[in-house]
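Only one structure is covered here, and it is reproduced in the block below.
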Amino acid sequence: MVVLIIGVPDSGKSQMAEDRAMELSQGEKKYYIATMIPFGEEGKRRIQKHRAMREGKGFETIECPVNLGKMLSGINDLSEATCLVECMSNLVGNEMHGDVKYGENELVEHIAGDMSRLCEAARNVVIVSNSFAKDDEGYDEDTRNYVRAMDLVNGRLKKLSDETYEFVDGNWTRTK
C-alpha cells in the first residue's frame, strides 16, 4: 500500500501520516525516513516536535536528507515493513542544492525512481509532501524552480500511490 499525503505547511499532514502508518504496520517493523537538515533553531525545533510526536510508537528513524536510493541499499528486508517518508519537500530542496547538480527532469526522475524502488521493496509506504502556490509573484527564480519540481514530483508520486489525500481549501480530501 502506498499512501501520499499532500498539504500546505502546518496542515496536520505529519500526524495524519503517522496515524496511517500505525494502522498499516499492524505491529510489524516501522521506519521513519527523515529528510530534514536542521538549519538553525527553527529547524531543530521542528525535528524535536516530530520526534516527540512519534515517541513510543516503535518507529526506527533513518536520517536520509539526500540519495534515498543509497539508503535503500543499506536495509536488508523491507518486505514486511512500513516506511514513512517525511518530507518530500525537504528531499527535493536538499537534492536541488546538494553536491550533485541535476537538471529539472533529471532531478524529478532521480527522486521518483528512488521512491518507486522504495514502494516496490516495502510492504507499505506513507509519503508526506507539501504543496505550494505555483504563481506567487514574490518567488525568485530558485523558488519558482523548486515549486515546479515539487509539483512534478507530486504528480509522479500520485501515480505511484494507492491512496492520495490532499489538503484543499482548509479540508482533507481523498482524491484516490
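Ordering of the C-alpha cells sets the chain letters (A, B, ...); residue numbers start at 1 within each chain; ligands are numbered from 1 in the order shown.
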* To do: Please identify all polymer residues within 7 Å of stretch 49-61 of chain A, counting only C-alpha atoms, omitting same-chain residues fewer than 3 positions from it, and present them as a PyMOL selection string.
  => chain A and resi 30-34+45-46
* Residues near A:Ala149, cut-off 9 Å, only C-alpha atoms, skip fewer than 5 positions along chain, as a PyMOL selection string -> chain A and resi 92+104-105+107-108+144+154
* Asked: Hey, what's within 10 Å of A:Met115 if we count only C-alpha atoms and toss same-chain stuff fewer than 4 positions away? As a list of chain:residue names, please?
  ->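 Using only C-alpha atoms, the neighbours found are A:Leu68, A:Gly69, A:Leu72, A:Val85, A:Met88, A:Glu109, A:His110, A:Ile111, A:Cys119, A:Glu120, A:Ala121, A:Val125, A:Ile127, A:Val153, A:Arg156, A:Leu157, A:Leu160.
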* To do: List every residue of chain A that DSSP, applied to the backbone of this structure, assigns to strand (DSSP E), and report them as a PyMOL selection string.
  => chain A and resi 2-7+30-34+59-63+82-86+124-130+163-168+171-174
Once you have the residues from the selection above, write them out as a compact mmCIF listing (two decimals), in the first residue's frame, restricted to N, CA and C atoms.
```txt
# COMPACT_ATOMS: atom_id res chain seq x y z
N VAL A 2 0.60 2.17 -0.87
CA VAL A 2 1.31 3.44 -0.94
C VAL A 2 0.30 4.55 -0.70
N VAL A 3 0.58 5.37 0.32
CA VAL A 3 -0.30 6.46 0.71
C VAL A 3 0.47 7.77 0.56
N LEU A 4 -0.10 8.71 -0.16
CA LEU A 4 0.50 10.03 -0.35
C LEU A 4 -0.36 11.07 0.35
N ILE A 5 0.27 11.89 1.18
CA ILE A 5 -0.43 12.94 1.91
C ILE A 5 0.23 14.27 1.54
N ILE A 6 -0.54 15.12 0.86
CA ILE A 6 -0.03 16.40 0.36
C ILE A 6 -0.80 17.53 1.03
N GLY A 7 -0.06 18.47 1.60
CA GLY A 7 -0.73 19.61 2.22
C GLY A 7 0.19 20.80 2.32
N LYS A 30 8.54 -0.60 11.54
CA LYS A 30 8.21 0.72 11.03
C LYS A 30 9.49 1.55 10.95
N TYR A 31 9.71 2.12 9.78
CA TYR A 31 10.84 3.04 9.58
C TYR A 31 10.31 4.44 9.34
N TYR A 32 10.94 5.40 9.98
CA TYR A 32 10.65 6.82 9.75
C TYR A 32 11.86 7.36 9.00
N ILE A 33 11.69 7.68 7.73
CA ILE A 33 12.78 8.16 6.90
C ILE A 33 12.73 9.69 6.94
N ALA A 34 13.65 10.27 7.70
CA ALA A 34 13.69 11.70 7.97
C ALA A 34 14.59 12.40 6.95
N PHE A 59 8.81 3.48 15.83
CA PHE A 59 9.50 3.81 14.58
C PHE A 59 11.01 3.75 14.78
N GLU A 60 11.70 3.17 13.83
CA GLU A 60 13.15 3.28 13.77
C GLU A 60 13.46 4.40 12.80
N THR A 61 14.18 5.42 13.27
CA THR A 61 14.45 6.59 12.43
C THR A 61 15.70 6.37 11.59
N ILE A 62 15.57 6.70 10.32
CA ILE A 62 16.69 6.68 9.38
C ILE A 62 16.83 8.10 8.85
N GLU A 63 17.97 8.73 9.11
CA GLU A 63 18.23 10.07 8.59
C GLU A 63 18.68 9.94 7.14
N THR A 82 6.74 -1.02 7.13
CA THR A 82 6.04 0.20 6.73
C THR A 82 7.04 1.34 6.86
N CYS A 83 7.18 2.10 5.79
CA CYS A 83 8.09 3.24 5.77
C CYS A 83 7.30 4.53 5.67
N LEU A 84 7.62 5.47 6.54
CA LEU A 84 7.03 6.80 6.48
C LEU A 84 8.13 7.75 6.03
N VAL A 85 7.94 8.40 4.89
CA VAL A 85 8.94 9.34 4.35
C VAL A 85 8.46 10.75 4.66
N GLU A 86 9.23 11.46 5.47
CA GLU A 86 8.86 12.81 5.93
C GLU A 86 10.02 13.75 5.65
N ASN A 124 4.44 -1.31 2.96
CA ASN A 124 3.66 -0.07 2.94
C ASN A 124 4.60 1.12 2.93
N VAL A 125 4.19 2.17 2.24
CA VAL A 125 4.93 3.42 2.25
C VAL A 125 3.92 4.56 2.41
N VAL A 126 4.19 5.41 3.38
CA VAL A 126 3.38 6.61 3.58
C VAL A 126 4.31 7.79 3.30
N ILE A 127 3.89 8.65 2.38
CA ILE A 127 4.73 9.75 1.91
C ILE A 127 4.06 11.06 2.29
N VAL A 128 4.83 11.93 2.93
CA VAL A 128 4.37 13.27 3.26
C VAL A 128 5.00 14.24 2.27
N SER A 129 4.18 15.13 1.72
CA SER A 129 4.69 16.12 0.78
C SER A 129 3.96 17.44 0.98
N ASN A 130 4.57 18.50 0.52
CA ASN A 130 3.99 19.83 0.59
C ASN A 130 3.47 20.26 -0.77
N GLU A 163 -3.58 5.46 -2.34
CA GLU A 163 -4.44 6.44 -1.69
C GLU A 163 -3.72 7.78 -1.71
N THR A 164 -4.45 8.83 -2.05
CA THR A 164 -3.89 10.18 -2.02
C THR A 164 -4.84 11.08 -1.27
N TYR A 165 -4.29 11.80 -0.29
CA TYR A 165 -5.05 12.76 0.49
C TYR A 165 -4.43 14.14 0.24
N GLU A 166 -5.28 15.11 -0.06
CA GLU A 166 -4.80 16.46 -0.30
C GLU A 166 -5.57 17.45 0.56
N PHE A 167 -4.85 18.42 1.08
CA PHE A 167 -5.44 19.49 1.89
C PHE A 167 -5.84 20.60 0.93
N VAL A 168 -7.15 20.75 0.71
CA VAL A 168 -7.67 21.71 -0.26
C VAL A 168 -8.69 22.60 0.44
N ASN A 171 -9.61 21.73 4.04
CA ASN A 171 -10.14 20.41 4.37
C ASN A 171 -9.33 19.31 3.69
N TRP A 172 -9.31 18.15 4.32
CA TRP A 172 -8.66 16.99 3.72
C TRP A 172 -9.62 16.29 2.77
N THR A 173 -9.12 15.97 1.58
CA THR A 173 -9.90 15.30 0.56
C THR A 173 -9.13 14.08 0.08
N ARG A 174 -9.81 12.97 0.02
CA ARG A 174 -9.20 11.78 -0.58
C ARG A 174 -9.47 11.85 -2.08
```
* Asked: When you draw a straight line from atom CA of A:Asn94 to atom CA of A:Pro65, how long is it in Å?
  -> 6.5 Å
* Check the DSSP output for the backbone and give back, as a VMD selection string, the residues of stretch 37-130 of chain A in helix (DSSP H, G or I). => chain A and resid 40 to 54 68 to 73 88 to 96 104 to 121
* Using only C-alpha atoms, which residues sit within 10 Å of stretch 135-143 of chain A once same-chain residues fewer than 6 positions away are excluded, as a ChimeraX atom specification? -> /A:93,96-97,149
Since we have the selection now, will you write its residues out, keeping N, CA and C atoms, as an mmCIF file, in the first residue's frame?
```
data_model
loop_
_atom_site.group_PDB
_atom_site.id
_atom_site.type_symbol
_atom_site.label_atom_id
_atom_site.label_comp_id
_atom_site.auth_asym_id
_atom_site.auth_seq_id
_atom_site.Cartn_x
_atom_site.Cartn_y
_atom_site.Cartn_z
ATOM 1 N N GLY A 93 14.316 19.847 -2.031
ATOM 2 C CA GLY A 93 15.187 21.002 -1.800
ATOM 3 C C GLY A 93 16.625 20.595 -1.542
ATOM 4 N N MET A 96 18.126 19.450 -4.831
ATOM 5 C CA MET A 96 18.338 20.595 -5.726
ATOM 6 C C MET A 96 19.610 21.364 -5.375
ATOM 7 N N HIS A 97 19.889 21.467 -4.095
ATOM 8 C CA HIS A 97 21.008 22.298 -3.643
ATOM 9 C C HIS A 97 22.181 21.480 -3.123
ATOM 10 N N ALA A 149 9.468 21.848 -9.506
ATOM 11 C CA ALA A 149 9.983 20.491 -9.253
ATOM 12 C C ALA A 149 9.089 19.753 -8.261
#
```
* Select, from A:Glu28, A:Val100, A:Asn90, A:Gly12, the residue with the minimum atom-to-atom distance to A:Gly170, counting only C-alpha atoms. =>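 Closest candidate: A:Gly12.
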* So, counting only C-alpha atoms, which residue among A:Met150, A:Asn67, A:Thr175, A:Lys44 is closest to A:Asp162? ->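 Closest residue, counting only C-alpha atoms: A:Thr175.
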* To do: Give me, please, the distance in Å between atom CA of A:Phe39 and atom CA of A:Ser116, quoted to one decimal.
  =>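 If I compute the distance from atom CA of A:Phe39 to atom CA of A:Ser116, I get 28.3 Å.
If you measure from each of A:Pro38, A:Glu106, A:Leu24, A:Asp169 to A:Leu152 using only C-alpha atoms, the closest one turns out to be A:Glu106.
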* **Top pick for closest residue to A:Arg148, considering A:Met22, A:Ser89, A:Arg117, A:Gly98 and counting only C-alpha atoms** => A:Ser89
